[in-house]
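This report concerns only the one structure given below.
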Amino acid sequence: MNDLEELDLQNNSDLSREELNKGQAEYINWMTMQDSILKQKANIKWFEEGDFNTKYFHSLIREKRRRLQLHKIKDHRDRWLEGDDNIAKDAIRHFHKRFNITHQFKDTDILDCIPRIITGDDNTLLTVVPNMEEIIDVVFYMGANSAAGPDDFNDTFFQKCWDIIKDDITNFVQEIFN
């Protein structure tokens, strides 16, 4: 590229400019291919090491956190806010305003257009708080090797430790229904 640029500066002709443009196009194409290869290598490394507790994994996490960190935001008046406290206060204000809207719904006739599929008896059955026997049936009906939940415990844990955790689980499920 340096040679082609130098040649174009010396000759300043259509032919040298055309050669320079061809060279730049090839260079961009080559850089794109190299970037693609590096991305593929990174994906291969990810497939090999995955999210194991490795130095590579931690470097990815640090980089992602660095990229996603907010240093400043614009508030509702188009002013820039900096600092964690100011950003947090404005985010709370924004979402509080957004989700605490009082709806003035006056036309209740439109609800008559929606077919009633669940009967009153069905609704009563669906909202009854389950007793411990029903919860036990559900826990032991689930496949022991099912996928782990957000707490990283699969159903084997709940089934094997049921005698220890049964009261906590039962209370938790019943609180959800209440």
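Chain labels A, B, ... are given in the sequence in which chains occur in the structure tokens; within each chain residues are numbered consecutively from 1, and ligands are likewise numbered from 1 in the order shown.
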
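Residues of chain A assigned to strand (DSSP E) by DSSP on this structure's backbone: A:Lys72, A:Ile73, A:Lys74, A:Trp80, A:Leu81, A:Glu82.
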
Selection to disk with N, CA, C and O atoms, as a PDB file, in the first residue's frame:
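Contents of part_30.pdb, freshly written:
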```pdb
ATOM      1  N   LYS A  72     -21.865   7.692  31.502  1.00  0.00           N
ATOM      2  CA  LYS A  72     -22.750   8.855  31.515  1.00  0.00           C
ATOM      3  C   LYS A  72     -23.965   8.555  30.653  1.00  0.00           C
ATOM      4  O   LYS A  72     -23.908   7.736  29.740  1.00  0.00           O
ATOM      5  N   ILE A  73     -25.078   9.209  31.003  1.00  0.00           N
ATOM      6  CA  ILE A  73     -26.321   9.060  30.252  1.00  0.00           C
ATOM      7  C   ILE A  73     -26.964  10.427  30.115  1.00  0.00           C
ATOM      8  O   ILE A  73     -26.620  11.369  30.832  1.00  0.00           O
ATOM      9  N   LYS A  74     -27.913  10.521  29.181  1.00  0.00           N
ATOM     10  CA  LYS A  74     -28.690  11.748  29.032  1.00  0.00           C
ATOM     11  C   LYS A  74     -29.981  11.596  29.811  1.00  0.00           C
ATOM     12  O   LYS A  74     -30.649  10.577  29.731  1.00  0.00           O
ATOM     13  N   TRP A  80     -26.351  15.684  30.235  1.00  0.00           N
ATOM     14  CA  TRP A  80     -25.519  14.521  30.526  1.00  0.00           C
ATOM     15  C   TRP A  80     -25.355  14.380  32.027  1.00  0.00           C
ATOM     16  O   TRP A  80     -25.032  15.336  32.721  1.00  0.00           O
ATOM     17  N   LEU A  81     -25.562  13.158  32.527  1.00  0.00           N
ATOM     18  CA  LEU A  81     -25.366  12.849  33.939  1.00  0.00           C
ATOM     19  C   LEU A  81     -24.196  11.887  34.056  1.00  0.00           C
ATOM     20  O   LEU A  81     -24.100  10.922  33.305  1.00  0.00           O
ATOM     21  N   GLU A  82     -23.316  12.136  35.011  1.00  0.00           N
ATOM     22  CA  GLU A  82     -22.173  11.264  35.242  1.00  0.00           C
ATOM     23  C   GLU A  82     -22.183  10.807  36.685  1.00  0.00           C
ATOM     24  O   GLU A  82     -22.767  11.455  37.551  1.00  0.00           O
TER      25      GLU A  82
END
```

At a cut-off of 8 Å, using only C-alpha atoms, what residues contact A:Val129? Leave out same-chain residues fewer than 3 positions from it and give the result as a PyMOL selection string. chain A and resi 174+177-178

Could those selected residues go to a file with N, CA, C and O atoms, as a PDB file, in the first residue's frame?
```
ATOM      1  N   GLN A 174     -46.433 -22.099  48.566  1.00  0.00           N
ATOM      2  CA  GLN A 174     -47.708 -21.603  49.094  1.00  0.00           C
ATOM      3  C   GLN A 174     -47.728 -20.080  49.184  1.00  0.00           C
ATOM      4  O   GLN A 174     -48.751 -19.454  48.940  1.00  0.00           O
ATOM      5  N   PHE A 177     -48.676 -18.632  45.829  1.00  0.00           N
ATOM      6  CA  PHE A 177     -50.123 -18.662  45.572  1.00  0.00           C
ATOM      7  C   PHE A 177     -50.872 -17.634  46.412  1.00  0.00           C
ATOM      8  O   PHE A 177     -51.890 -17.107  45.986  1.00  0.00           O
ATOM      9  N   ASN A 178     -50.367 -17.348  47.601  1.00  0.00           N
ATOM     10  CA  ASN A 178     -51.017 -16.344  48.441  1.00  0.00           C
ATOM     11  C   ASN A 178     -50.729 -14.947  47.949  1.00  0.00           C
ATOM     12  O   ASN A 178     -51.470 -14.035  48.153  1.00  0.00           O
TER      13      ASN A 178
END
```

Could you name the residues that touch A:Asp168 at 12 Å or less, counting only C-alpha atoms, but leaving out those on the same chain fewer than 5 positions away, as a list in words? Met132, Ile135, Phe158, Cys161, Trp162, Asp163, Val173, Gln174 and Glu175 of chain A

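Residues surrounding A:Ser146 within 12 Å are Val139, Phe140, Tyr141, Met142, Gly143, Gly149, Asp152, Phe153, Asn154, Asp155, Thr156, Phe157, Phe158 and Gln159 of chain A [only C-alpha atoms; sequence separation below 3 positions excluded].
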
Check stretch 41-155 of chain A with DSSP on the backbone and list each residue it calls alpha helix (DSSP H), as a ChimeraX atom specification. /A:41-49,55-68,84-99,120-127,132-141,155

Smallest atom-to-atom distance to A:Ala144: which of A:Lys160, A:Arg77, A:Asp90, A:Arg98, using only C-alpha atoms? A:Lys160

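Distance-wise, atom CA of A:Asn131 and atom CA of A:Ile176 end up 12.6 Å apart.
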